[in-house]
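Chemist: Sharing model-v5.cif here; it has mmCIF, C-alpha atoms.
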data_entry
loop_
_atom_site.label_atom_id
_atom_site.label_comp_id
_atom_site.auth_asym_id
_atom_site.auth_seq_id
_atom_site.Cartn_x
_atom_site.Cartn_y
_atom_site.Cartn_z
CA MET A 1214 -42.80 15.01 -45.76
CA PRO A 1215 -43.73 11.46 -46.73
CA THR A 1216 -44.27 8.54 -44.41
CA PHE A 1217 -41.43 6.44 -43.07
CA VAL A 1218 -41.38 3.25 -41.02
CA TYR A 1219 -39.54 2.48 -37.78
CA MET A 1220 -38.32 -0.99 -38.76
CA THR A 1221 -37.91 -2.29 -35.19
CA ARG A 1222 -41.55 -1.45 -34.41
CA CYS A 1223 -43.10 -2.89 -37.60
CA ASP A 1224 -44.22 -6.52 -37.50
CA GLY A 1225 -45.20 -6.73 -41.16
CA CYS A 1226 -48.95 -7.13 -40.56
CA GLY A 1227 -49.95 -5.50 -43.87
CA HIS A 1228 -52.52 -2.98 -42.59
CA CYS A 1229 -50.68 -0.06 -44.21
CA VAL A 1230 -50.33 -1.97 -47.50
CA ASP A 1231 -54.06 -2.57 -47.42
CA ILE A 1232 -55.15 0.96 -46.63
CA CYS A 1233 -52.74 3.15 -48.64
CA PRO A 1234 -54.84 4.98 -51.27
CA SER A 1235 -51.75 5.55 -53.43
CA ASP A 1236 -50.64 1.92 -53.20
CA ILE A 1237 -47.14 2.96 -52.21
CA MET A 1238 -46.85 1.21 -48.84
CA HIS A 1239 -45.42 -2.23 -49.53
CA ILE A 1240 -43.48 -5.02 -47.91
CA ASP A 1241 -39.71 -4.98 -48.17
CA PRO A 1242 -38.54 -8.13 -50.00
CA THR A 1243 -35.48 -8.47 -47.75
CA TYR A 1244 -36.80 -7.78 -44.26
CA ARG A 1245 -40.55 -8.34 -44.68
CA ARG A 1246 -41.33 -5.02 -43.03
CA ALA A 1247 -43.39 -2.20 -44.51
CA TYR A 1248 -41.77 0.69 -46.37
CA ASN A 1249 -42.81 3.55 -48.60
CA ILE A 1250 -41.79 2.50 -52.10
CA GLU A 1251 -42.34 5.92 -53.69
CA PRO A 1252 -42.09 8.83 -51.23
CA ASN A 1253 -42.64 11.38 -54.04
CA MET A 1254 -46.15 10.07 -54.52
CA CYS A 1255 -47.14 10.22 -50.83
CA TRP A 1256 -49.66 12.96 -50.12
CA GLU A 1257 -49.44 12.47 -46.36
CA CYS A 1258 -53.05 11.42 -45.87
CA TYR A 1259 -52.00 9.69 -42.63
CA SER A 1260 -54.16 6.61 -43.40
CA CYS A 1261 -51.25 4.20 -42.84
CA VAL A 1262 -50.04 6.13 -39.77
CA LYS A 1263 -53.49 5.76 -38.17
CA ALA A 1264 -54.00 2.15 -39.29
CA CYS A 1265 -50.66 0.86 -37.96
CA PRO A 1266 -51.37 -1.13 -34.77
CA HIS A 1267 -47.80 -0.62 -33.55
CA HIS A 1268 -47.48 3.12 -34.31
CA ALA A 1269 -44.49 2.17 -36.42
CA ILE A 1270 -45.17 4.72 -39.17
CA ASP A 1271 -44.39 8.40 -38.82
CA VAL A 1272 -44.71 11.53 -40.95
CA ARG A 1273 -43.05 14.89 -40.55
CA GLY A 1274 -45.74 17.57 -40.62
CA TYR A 1275 -45.64 20.72 -42.73
CA ALA A 1276 -43.35 23.51 -41.60
CA ASP A 1277 -46.19 26.05 -41.37
CA PHE A 1278 -47.57 24.54 -38.17
CA ALA A 1279 -44.58 22.69 -36.77
CA PRO A 1280 -41.06 23.82 -37.63
CA LEU A 1281 -38.00 21.73 -38.36
CA GLY A 1282 -37.16 19.04 -35.84
CA HIS A 1283 -40.68 18.81 -34.45
CA SER A 1284 -42.74 15.66 -34.03
CA VAL A 1285 -46.39 15.15 -35.00
CA ARG A 1286 -47.78 11.82 -33.89
CA VAL A 1287 -51.26 10.39 -33.84
CA ILE A 1288 -53.23 7.55 -32.26
CA ARG A 1289 -56.57 6.62 -33.73
CA ASP A 1290 -58.37 4.60 -31.06
CA GLU A 1291 -61.33 2.89 -32.67
CA GLU A 1292 -62.72 1.31 -29.51
CA LYS A 1293 -62.75 4.61 -27.65
CA GLY A 1294 -63.97 6.37 -30.79
CA VAL A 1295 -61.40 9.16 -30.61
CA ILE A 1296 -58.31 10.45 -32.32
CA ALA A 1297 -55.41 11.93 -30.35
CA TRP A 1298 -52.63 14.10 -31.75
CA ARG A 1299 -49.45 15.35 -30.17
CA ILE A 1300 -47.35 18.10 -31.66
CA LYS A 1301 -44.02 18.62 -29.98
CA SER A 1302 -41.42 21.20 -30.87
CA ARG A 1303 -37.74 20.43 -31.28
CA ASN A 1304 -36.76 21.81 -27.87
CA GLY A 1305 -39.80 20.18 -26.21
CA GLU A 1306 -41.11 23.51 -24.86
CA ASN A 1307 -44.25 23.40 -26.96
CA ASP A 1308 -45.96 20.10 -26.30
CA LEU A 1309 -49.54 20.15 -27.54
CA ASN A 1310 -51.99 17.30 -26.97
CA LEU A 1311 -55.28 17.22 -28.85
CA LEU A 1312 -58.20 14.82 -28.59
CA ALA A 1313 -61.36 14.69 -30.70
CA PRO A 1314 -64.25 12.26 -31.21
CA ILE A 1315 -64.39 10.41 -34.54
CA THR A 1316 -67.68 8.65 -33.95
CA THR A 1317 -70.64 9.15 -31.65
CA LYS A 1318 -72.09 5.65 -32.03
CA PRO A 1319 -70.54 2.15 -32.23
CA TRP A 1320 -68.99 1.36 -35.62
CA GLY A 1321 -71.11 -0.52 -38.11
CA GLN A 1322 -74.38 0.05 -36.26
CA HIS A 1323 -76.98 2.74 -36.91
CA ILE A 1324 -76.25 2.62 -40.63
CA PRO A 1325 -79.35 3.90 -42.48
CA GLN A 1326 -81.20 0.91 -43.91
CA LEU A 1327 -81.90 2.50 -47.27
CA ALA A 1328 -83.34 -0.72 -48.69
CA ASN A 1329 -86.20 -0.48 -46.19
CA GLN A 1330 -87.08 3.09 -47.16
CA PRO A 1331 -90.21 3.58 -49.29
CA ALA A 1332 -89.54 4.43 -52.93
CA PRO A 1333 -89.50 8.18 -53.62
CA SER A 1334 -92.67 9.72 -55.06
CA GLN A 1335 -92.64 11.60 -58.39
CA GLU A 1336 -92.80 14.86 -56.45
CA MET A 1337 -89.67 13.90 -54.47
CA ARG A 1338 -87.90 12.89 -57.68
CA ASP A 1339 -88.66 16.26 -59.27
CA SER A 1340 -87.53 18.16 -56.17
CA GLN A 1341 -84.06 19.68 -55.89
CA LEU A 1342 -83.67 18.29 -52.38
CA LEU A 1343 -81.52 15.26 -51.80
CA PHE A 1344 -82.40 12.21 -49.68
CA ASN A 1345 -83.24 13.18 -46.09
CA GLU A 1346 -83.16 16.86 -46.89
CA PRO A 1347 -84.24 19.16 -45.35
CA LYS A 1348 -83.98 17.04 -42.20
CA TYR A 1349 -80.21 16.51 -42.46
CA ILE A 1350 -79.37 20.16 -43.12
CA ARG A 1351 -81.80 21.19 -40.38
CA LEU A 1352 -83.90 23.38 -42.69
CA ASP A 1353 -86.92 22.15 -40.74
CA ASP A 1354 -85.60 24.03 -37.69
CA GLY A 1355 -86.48 27.24 -39.46
CA ASP A 1356 -84.12 28.23 -42.20
CA LEU A 1357 -80.56 27.53 -43.24
CA HIS A 1358 -78.10 27.92 -40.39
CA THR A 1359 -75.73 30.72 -41.21
CA LEU A 1360 -73.15 32.71 -39.27
CA GLU A 1361 -75.67 35.53 -39.04
CA SER A 1362 -78.58 33.42 -37.84
CA ASN A 1363 -76.32 31.97 -35.14
CA GLY A 1364 -75.06 35.39 -34.05
CA LEU A 1365 -71.55 34.78 -35.35
CA GLU A 1366 -69.34 36.85 -37.59
CA MET A 1367 -66.32 36.08 -39.74
CA LYS A 1368 -63.11 37.04 -38.01
CA GLU A 1369 -60.18 38.48 -39.83
CA GLY A 1370 -57.46 35.96 -40.33
CA VAL A 1371 -55.02 34.63 -42.85
CA TYR A 1372 -56.66 33.66 -46.12
CA TYR A 1373 -54.75 32.11 -48.96
CA MET B 1312 -40.69 -45.20 -35.90
CA LEU B 1313 -41.72 -41.82 -34.53
CA THR B 1314 -40.40 -42.57 -31.06
CA THR B 1315 -36.90 -43.75 -31.95
CA ASN B 1316 -33.67 -41.84 -32.46
CA PRO B 1317 -33.31 -41.34 -36.26
CA PHE B 1318 -29.59 -40.54 -36.00
CA ALA B 1319 -28.81 -44.03 -34.67
CA SER B 1320 -29.39 -45.63 -38.10
CA LEU B 1321 -26.91 -43.32 -39.87
CA GLY B 1322 -23.80 -45.20 -38.96
CA LEU B 1323 -21.85 -41.93 -38.76
CA SER B 1324 -19.30 -41.42 -36.02
CA GLU B 1325 -20.33 -39.34 -33.00
CA THR B 1326 -17.48 -36.92 -33.66
CA ILE B 1327 -18.73 -36.00 -37.14
CA MET B 1328 -22.30 -35.40 -35.96
CA GLN B 1329 -21.23 -33.46 -32.86
CA GLY B 1330 -18.72 -31.45 -34.92
CA TYR B 1331 -21.50 -30.51 -37.35
CA VAL B 1332 -23.77 -29.29 -34.50
CA ILE B 1333 -20.93 -27.22 -33.00
CA LEU B 1334 -20.14 -25.77 -36.43
CA MET B 1335 -23.79 -24.74 -36.89
CA PHE B 1336 -23.81 -23.14 -33.42
CA LEU B 1337 -20.67 -21.16 -34.27
CA LEU B 1338 -22.18 -20.07 -37.59
CA VAL B 1339 -25.26 -18.70 -35.79
CA VAL B 1340 -23.17 -16.87 -33.19
CA GLY B 1341 -20.79 -15.48 -35.84
CA GLY B 1342 -23.62 -14.55 -38.20
CA THR B 1343 -25.45 -12.73 -35.43
CA LEU B 1344 -22.36 -10.77 -34.40
CA ILE B 1345 -21.63 -9.76 -38.01
CA ASP B 1346 -25.31 -8.84 -38.42
CA VAL B 1347 -25.20 -6.60 -35.32
CA ILE B 1348 -22.04 -4.89 -36.63
CA HIS B 1349 -23.34 -4.61 -40.20
CA LYS B 1350 -26.76 -3.18 -39.31
CA LYS B 1351 -25.35 -1.16 -36.39
CA SER B 1352 -28.19 -2.54 -34.25
CA ALA B 1353 -26.39 -1.93 -30.94
CA GLN B 1354 -25.62 1.65 -31.94
CA TYR B 1355 -29.26 2.16 -33.01
CA PHE B 1356 -30.67 0.87 -29.73
CA PHE B 1357 -28.16 2.93 -27.72
CA GLU B 1358 -28.99 6.15 -29.60
CA THR B 1359 -32.75 5.52 -29.33
CA SER B 1360 -32.35 4.91 -25.62
CA GLN B 1361 -30.45 8.23 -25.23
CA LYS B 1362 -33.17 10.09 -27.15
CA GLN B 1363 -35.83 8.42 -25.05
CA GLN B 1364 -34.12 9.41 -21.78
CA LYS B 1365 -34.06 13.03 -22.97
CA ASN B 1366 -37.82 12.93 -23.55
CA ALA B 1367 -38.62 11.10 -20.29
CA ARG B 1368 -41.32 12.70 -18.14
CA ARG B 1369 -40.58 10.66 -15.02
CA SER B 1370 -37.62 8.70 -13.75
CA ILE B 1371 -37.78 4.94 -13.54
CA THR B 1372 -36.14 2.68 -11.01
CA SER B 1373 -34.15 -0.48 -11.58
CA GLY B 1374 -37.20 -2.35 -10.21
CA ASP B 1375 -39.28 -0.88 -13.07
CA LYS B 1376 -36.66 -2.04 -15.55
CA THR B 1377 -36.66 -5.54 -14.03
CA SER B 1378 -40.45 -5.77 -14.19
CA ALA B 1379 -40.33 -4.53 -17.81
CA ALA B 1380 -37.76 -7.22 -18.63
CA ILE B 1381 -39.95 -9.88 -16.98
CA SER B 1382 -43.00 -8.63 -18.90
CA VAL B 1383 -41.05 -8.80 -22.17
CA LEU B 1384 -39.99 -12.35 -21.34
CA LEU B 1385 -43.52 -13.47 -20.43
CA ASN B 1386 -45.37 -11.63 -23.18
CA GLU B 1387 -43.28 -10.81 -26.24
CA VAL B 1388 -40.75 -13.66 -25.94
CA LEU B 1389 -42.64 -16.63 -24.48
CA THR B 1390 -46.14 -15.95 -25.85
CA SER B 1391 -45.42 -13.80 -28.96
CA ALA B 1392 -47.71 -11.02 -27.72
CA GLU B 1393 -46.31 -8.60 -30.29
CA PHE B 1394 -48.61 -9.92 -32.99
CA GLU B 1395 -51.99 -8.19 -33.24
CA ASN B 1396 -53.36 -10.92 -35.49
CA PRO B 1397 -54.26 -13.92 -33.22
CA MET B 1398 -53.80 -16.41 -36.11
CA ARG B 1399 -50.31 -15.11 -36.75
CA ARG B 1400 -49.52 -15.31 -33.06
CA LEU B 1401 -50.69 -18.92 -32.91
CA SER B 1402 -48.73 -19.85 -36.02
CA HIS B 1403 -45.63 -18.15 -34.58
CA LEU B 1404 -46.00 -20.08 -31.31
CA PHE B 1405 -46.17 -23.41 -33.17
CA THR B 1406 -43.14 -22.44 -35.26
CA MET B 1407 -41.09 -21.06 -32.37
CA TYR B 1408 -41.68 -23.86 -29.86
CA GLY B 1409 -41.37 -26.45 -32.62
CA PHE B 1410 -37.98 -24.98 -33.58
CA ILE B 1411 -36.75 -24.88 -29.96
CA LEU B 1412 -37.93 -28.44 -29.32
CA PHE B 1413 -36.38 -29.68 -32.56
CA VAL B 1414 -32.99 -28.02 -31.94
CA VAL B 1415 -32.79 -29.02 -28.25
CA SER B 1416 -33.78 -32.64 -28.93
CA THR B 1417 -31.33 -32.83 -31.85
CA VAL B 1418 -28.52 -31.69 -29.55
CA VAL B 1419 -29.56 -34.17 -26.84
CA LEU B 1420 -29.87 -37.05 -29.33
CA ILE B 1421 -26.49 -36.36 -30.95
CA PHE B 1422 -24.56 -35.65 -27.76
CA GLY B 1423 -26.31 -38.13 -25.47
CA TYR B 1424 -27.67 -40.97 -27.56
CA ALA B 1425 -25.72 -40.78 -30.86
CA ASN B 1426 -25.82 -44.47 -31.68
CA MET B 1427 -28.73 -45.63 -29.53
CA ALA B 1428 -32.08 -46.25 -31.22
CA ASP B 1429 -33.90 -45.97 -27.91
CA ALA B 1430 -33.43 -42.43 -26.56
CA GLY B 1431 -36.36 -42.32 -24.16
CA ILE B 1432 -38.67 -39.40 -24.68
CA TRP B 1433 -36.19 -37.46 -26.88
CA GLY B 1434 -37.00 -39.33 -30.10
CA THR B 1435 -40.68 -38.46 -29.72
CA LEU B 1436 -39.86 -34.83 -28.86
CA TRP B 1437 -37.65 -34.54 -31.97
CA HIS B 1438 -40.56 -35.65 -34.20
CA LEU B 1439 -43.06 -33.49 -32.30
CA GLY B 1440 -40.84 -30.42 -32.65
CA ALA B 1441 -40.40 -31.01 -36.38
CA ALA B 1442 -44.16 -31.52 -36.85
CA SER B 1443 -44.98 -28.38 -34.85
CA LEU B 1444 -42.53 -26.25 -36.85
CA ALA B 1445 -43.87 -27.69 -40.10
CA PHE B 1446 -47.51 -27.02 -39.09
CA GLY B 1447 -46.91 -23.40 -37.98
CA GLY B 1448 -44.52 -22.73 -40.83
CA TYR B 1449 -46.71 -24.05 -43.66
CA TRP B 1450 -49.74 -22.24 -42.20
CA PHE B 1451 -47.69 -19.03 -42.25
CA TRP B 1452 -46.26 -19.76 -45.70
CA PHE B 1453 -49.52 -20.48 -47.52
CA VAL B 1454 -52.00 -18.22 -45.70
CA ILE B 1455 -50.68 -15.73 -43.17
CA ARG B 1456 -47.48 -14.47 -44.86
CA VAL B 1457 -48.06 -10.79 -45.56
CA ASP B 1458 -46.87 -11.09 -49.17
CA VAL B 1459 -49.75 -13.52 -49.71
CA SER B 1460 -52.35 -12.02 -47.36
CA ALA B 1461 -51.89 -8.30 -48.08
CA GLU B 1462 -49.75 -8.02 -51.23
CA GLY B 1463 -51.74 -10.57 -53.23
CA LYS B 1464 -48.64 -12.55 -54.22
CA LYS B 1465 -48.78 -16.27 -54.85
CA TRP B 1466 -47.33 -18.62 -52.25
CA TYR B 1467 -44.63 -19.75 -54.67
CA GLN B 1468 -43.26 -16.24 -55.38
CA LEU B 1469 -40.00 -16.16 -53.43
CA ALA B 1470 -38.06 -13.17 -52.12
CA LYS B 1471 -34.91 -12.78 -50.05
CA ALA B 1472 -37.04 -12.49 -46.89
CA ASP B 1473 -38.15 -16.10 -47.45
CA LEU B 1474 -34.65 -17.53 -46.94
CA PHE B 1475 -35.30 -18.13 -43.23
CA ILE B 1476 -38.77 -19.66 -43.40
CA VAL B 1477 -38.11 -21.75 -46.53
CA SER B 1478 -34.87 -23.22 -45.19
CA ALA B 1479 -36.52 -23.94 -41.79
CA LEU B 1480 -39.47 -25.63 -43.50
CA MET B 1481 -37.24 -27.63 -45.83
CA MET B 1482 -35.13 -28.71 -42.87
CA VAL B 1483 -38.03 -30.18 -40.88
CA THR B 1484 -39.85 -31.52 -43.94
CA TRP B 1485 -36.82 -33.51 -45.13
CA ALA B 1486 -36.04 -34.49 -41.54
CA LEU B 1487 -39.52 -36.01 -41.11
CA ILE B 1488 -39.48 -37.70 -44.53
CA TRP B 1489 -36.01 -39.10 -43.86
CA SER B 1490 -37.07 -40.40 -40.44
CA ILE B 1491 -40.31 -41.97 -41.72
CA VAL B 1492 -39.01 -43.43 -45.01
CA GLY B 1493 -35.72 -44.56 -43.48
CA LYS B 1494 -33.90 -46.83 -45.87
CA GLY B 1495 -36.91 -47.05 -48.16
CA GLY B 1496 -35.93 -43.93 -50.12
CA ILE B 1497 -33.20 -43.21 -52.64
CA MET B 1498 -29.92 -44.24 -51.01
CA ILE B 1499 -26.63 -42.47 -51.69
CA THR B 1500 -24.53 -44.78 -49.54
CA GLU B 1501 -25.60 -47.87 -47.59
CA SER B 1502 -26.97 -45.81 -44.68
CA ILE B 1503 -27.29 -42.24 -46.02
CA SER B 1504 -30.35 -41.43 -48.11
CA LEU B 1505 -31.06 -38.49 -50.41
CA CYS B 1506 -33.64 -37.18 -47.90
CA PHE B 1507 -30.95 -37.00 -45.23
CA VAL B 1508 -28.60 -35.08 -47.54
CA LEU B 1509 -31.41 -32.60 -48.32
CA PHE B 1510 -32.12 -32.29 -44.57
CA VAL B 1511 -28.46 -31.46 -43.85
CA LEU B 1512 -28.28 -29.02 -46.78
CA SER B 1513 -31.42 -27.20 -45.58
CA ALA B 1514 -30.14 -27.04 -41.99
CA THR B 1515 -26.77 -25.71 -43.20
CA THR B 1516 -28.55 -23.05 -45.27
CA LEU B 1517 -30.70 -22.05 -42.27
CA PHE B 1518 -27.85 -21.72 -39.80
CA SER B 1519 -25.22 -20.27 -42.12
CA THR B 1520 -27.27 -17.43 -43.60
CA VAL B 1521 -28.04 -15.44 -40.46
CA LEU B 1522 -26.58 -12.30 -42.03
CA TRP B 1523 -28.92 -12.47 -45.02
CA SER B 1524 -31.99 -13.98 -43.39
CA LYS B 1525 -34.53 -12.99 -40.76
CA PHE B 1526 -32.87 -15.30 -38.23
CA ALA B 1527 -31.47 -12.28 -36.36
CA HIS B 1528 -34.99 -11.15 -35.42
CA MET B 1529 -34.82 -13.49 -32.43
CA PHE B 1530 -32.14 -11.29 -30.94
CA PHE B 1531 -33.25 -7.75 -31.76
CA LYS B 1532 -37.02 -8.15 -31.31
CA PRO B 1533 -36.82 -8.63 -27.51
CA ALA B 1534 -34.55 -5.54 -27.32
CA ALA B 1535 -37.11 -3.50 -29.28
CA ALA B 1536 -39.98 -4.79 -27.11
CA PHE B 1537 -38.06 -3.90 -23.93
CA GLN B 1538 -37.37 -0.39 -25.21
CA LYS B 1539 -41.04 0.06 -26.10
CA ARG B 1540 -42.12 -0.89 -22.58
CA ILE B 1541 -39.58 1.50 -21.05
CA THR B 1542 -40.93 4.39 -23.17
CA LYS B 1543 -44.35 3.76 -21.64
CA LEU B 1544 -42.97 3.62 -18.12
CA ASP B 1545 -40.88 6.80 -18.34
CA GLY B 1546 -43.64 8.75 -20.12
CA SER B 1547 -41.58 9.50 -23.25
CA GLN B 1548 -43.88 7.10 -25.17
CA GLU B 1549 -42.08 7.80 -28.44
CA ASN B 1550 -43.76 11.24 -28.58
CA LEU B 1551 -47.16 9.57 -28.95
CA PRO B 1552 -50.15 11.44 -27.50
CA ASP B 1553 -52.01 10.56 -24.31
CA VAL B 1554 -55.42 9.06 -25.06
CA GLY B 1555 -56.74 8.45 -21.53
CA GLU B 1556 -60.17 7.19 -20.50
CA MET B 1557 -63.15 8.92 -22.05
CA ASN B 1558 -65.22 8.81 -18.84
CA ASP B 1559 -62.45 10.56 -16.87
CA PRO B 1560 -63.85 13.97 -15.71
CA ALA B 1561 -60.42 15.61 -16.21
CA ILE B 1562 -60.34 14.50 -19.87
CA GLN B 1563 -63.94 15.64 -20.36
CA ALA B 1564 -63.17 19.05 -18.81
CA ARG B 1565 -60.11 19.49 -21.00
CA TYR B 1566 -61.79 18.31 -24.22
CA PRO B 1567 -65.48 19.40 -23.98
CA ASP B 1568 -66.22 17.86 -27.41
CA ILE B 1569 -66.05 14.43 -25.76
CA PRO B 1570 -69.06 14.83 -23.40
CA GLU B 1571 -70.91 17.02 -25.91
CA TYR B 1572 -70.84 14.53 -28.78
CA MET B 1573 -70.22 11.20 -27.05
CA GLY B 1574 -71.99 11.66 -23.69
CA THR B 1575 -70.45 11.56 -20.23
CA ASN B 1576 -70.00 7.80 -20.31
CA PRO B 1577 -69.03 6.92 -23.91
CA PRO B 1578 -69.56 3.23 -24.81
CA ASN B 1579 -66.94 0.94 -26.34
CA MET B 1580 -67.31 1.74 -30.04
CA GLY B 1581 -65.99 -1.66 -31.15
CA LEU B 1582 -63.76 -2.12 -34.18
CA GLY B 1583 -64.12 -0.08 -37.35
CA ILE B 1584 -61.66 -0.64 -40.17
CA LYS B 1585 -59.77 -3.08 -37.96
CA SER B 1586 -62.78 -5.41 -37.83
CA GLU B 1587 -61.78 -6.73 -41.27
CA PRO B 1588 -58.49 -8.44 -42.07
CA PRO B 1589 -56.23 -6.38 -44.37
CA ARG B 1590 -57.03 -8.29 -47.54
CA HIS B 1591 -58.52 -5.75 -49.93
CA TYR B 1592 -55.84 -5.96 -52.61
#
Output the structure of this file as structure tokens.

Modeler:
Amino acid sequence: MPTFVYMTRCDGCGHCVDICPSDIMHIDPTYRRAYNIEPNMCWECYSCVKACPHHAIDVRGYADFAPLGHSVRVIRDEEKGVIAWRIKSRNGENDLNLLAPITTKPWGQHIPQLANQPAPSQEMRDSQLLFNEPKYIRLDDGDLHTLESNGLEMKEGVYY
Amino acid sequence: MLTTNPFASLGLSETIMQGYVILMFLLVVGGTLIDVIHKKSAQYFFETSQKQQKNARRSITSGDKTSAAISVLLNEVLTSAEFENPMRRLSHLFTMYGFILFVVSTVVLIFGYANMADAGIWGTLWHLGAASLAFGGYWFWFVIRVDVSAEGKKWYQLAKADLFIVSALMMVTWALIWSIVGKGGIMITESISLCFVLFVLSATTLFSTVLWSKFAHMFFKPAAAFQKRITKLDGSQENLPDVGEMNDPAIQARYPDIPEYMGTNPPNMGLGIKSEPPRHY
């Protein structure tokens, strides 16, 4: 279900207008608050929901993980580097809180300075490996990490 | 010039000027009441409050409610803390206090010193209020207004939402020009100039269009801010998740990804996408 805006919470800052990849979050010409101008075109990417500093935008999640009348809300806390979700059922009996890191280092730092890297040799150019491979896919630890090499196996589940 | 009472030179009777101020006051009160009925604001806030009480995780006392009301008054009302953007907050403070100063000094000048050029400090306050509103308002209009800053519209592209800010700006702009130019401008009668007529027209537009303008935000925004604070106090927090502190051992035990990927004492990660203003149109 597409995004919608709680008008009393919105202060018309424009963050959702700026971030919407479909360019469908805009400012209402009467109230100067954000609204979704074309709900049919919203693919529920949650960019605006996470960018809103007032948590004024909401989305109803898909019925396969949260049935009718539920609430799925999110807070993306940049300074703490985490994202928190809360899924609550209609009767409030199922109230699930989730928290996960979204960065391990401060934003904007530790960006690879590619301009300072030496130019690739002809041998590197001819190779099938991409920049920083095999280091980044940890081939130098031994071989490719697979379920088998890590002692894991695929469990039966629901596959579409 | 900037310290005197501009209304003294009009030559209008006190009754006409005082009648006009009372009429404007009644228009604001009436417009607000019709706005509340039309938008069903009271019903909305009541229903949201009921929903919130159902989701409450702890009960709150009347003392909590009083402290929330005081916080709203000190933060959201008196210092416009709602705005995340510090420039917008500053501009709003100039506009808001300028408006209050301008309206209060107008009332004092008309009811207390209608035909006296020397009105003590009130003449200066009237000009200061107008200048403050004009400064904050034009800053907002040309630079900060979201239509300009995020939508990429030109400052001269008008919409219905501009009724409030444009009429307020026109009111103080014509008021200042009228006060400074005095009888040097285009005169309609012996004492009434065109600038004064435009000032009165702008003021009438501002105060008579509450139903169609953003004027009513002054009344419902504090209610919304109060409700938001109550949701935090009673734990309902609009169904938003708990974030907590990342160095809290309980959080780390519950979400082992935090210490594994971020360490036991995660640093402040600073601002990511919010480090840039939303101007990528």

Chemist: Atom CA of A:Ile1288 and atom CA of B:Asn1576, how far apart in Å?

Modeler: 20.6 Å

Chemist: Excluding same-chain residues fewer than 3 positions from B:Arg1368, what lies within 9 Å of it counting only C-alpha atoms, as a PyMOL selection string?

Modeler: chain B and resi 1364-1365+1545-1547

Chemist: Could you tell me which of B:Gly1341, B:Leu1582, B:Trp1433, B:Ala1461 comes closest to A:Cys1229 if we count all atoms listed in the file?

Modeler: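 Answer, going by the shortest atom-to-atom distance: B:Ala1461.
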
Chemist: Write out as a Markdown table a residue-level contact list of chain B versus chain A with cut-off 7 Å: for each qualifying residue the closest pair of atoms and the distance in Å to one decimal, counting all atoms listed in the file, rows sorted by chain and residue number upward.

Modeler:
| residue | atom | partner | partner_atom | distance |
| --- | --- | --- | --- | --- |
| B:Val1457 | CA | A:Gly1227 | CA | 5.9 |
| B:Ala1461 | CA | A:Gly1227 | CA | 5.4 |
| B:Ala1470 | CA | A:Pro1242 | CA | 5.5 |
| B:Lys1471 | CA | A:Thr1243 | CA | 4.9 |
| B:Ala1472 | CA | A:Thr1243 | CA | 4.4 |
| B:Lys1525 | CA | A:Tyr1244 | CA | 6.7 |
| B:Ala1535 | CA | A:Thr1221 | CA | 6.1 |
| B:Asn1550 | CA | A:Arg1286 | CA | 6.7 |
| B:Leu1551 | CA | A:Arg1286 | CA | 5.5 |
| B:Pro1552 | CA | A:Arg1299 | CA | 4.8 |
| B:Val1554 | CA | A:Ala1297 | CA | 6.0 |
| B:Tyr1566 | CA | A:Leu1312 | CA | 6.6 |
| B:Asp1568 | CA | A:Ala1313 | CA | 6.7 |
| B:Ile1569 | CA | A:Pro1314 | CA | 6.1 |
| B:Tyr1572 | CA | A:Thr1317 | CA | 6.1 |
| B:Met1573 | CA | A:Thr1317 | CA | 5.1 |
| B:Asn1579 | CA | A:Glu1292 | CA | 5.3 |
| B:Met1580 | CA | A:Pro1319 | CA | 3.9 |
| B:Gly1581 | CA | A:Glu1292 | CA | 4.7 |
| B:Leu1582 | CA | A:Glu1291 | CA | 5.8 |
| B:Gly1583 | CA | A:Trp1320 | CA | 5.4 |
| B:Pro1589 | CA | A:His1228 | CA | 5.3 |
| B:Arg1590 | CA | A:Asp1231 | CA | 6.4 |
| B:His1591 | CA | A:Asp1231 | CA | 6.0 |
| B:Tyr1592 | CA | A:Asp1231 | CA | 6.4 |

Chemist: By how many Å are atom CA of B:Leu1522 and atom CA of B:Thr1343 apart?

Modeler: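 For atom CA of B:Leu1522 relative to atom CA of B:Thr1343, the distance reads 6.7 Å.
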
Chemist: Starting from the PyMOL selection byres ((chain B and resi 1383-1397) around 9), expand the selection into actual residues of this file and give them as JSON, numbers by chain.

Modeler: {"A": [1224, 1226, 1266, 1267], "B": [1378, 1379, 1380, 1381, 1382, 1398, 1399, 1400, 1401, 1402, 1403, 1404, 1529, 1532, 1533, 1534, 1536, 1537, 1540, 1588]}
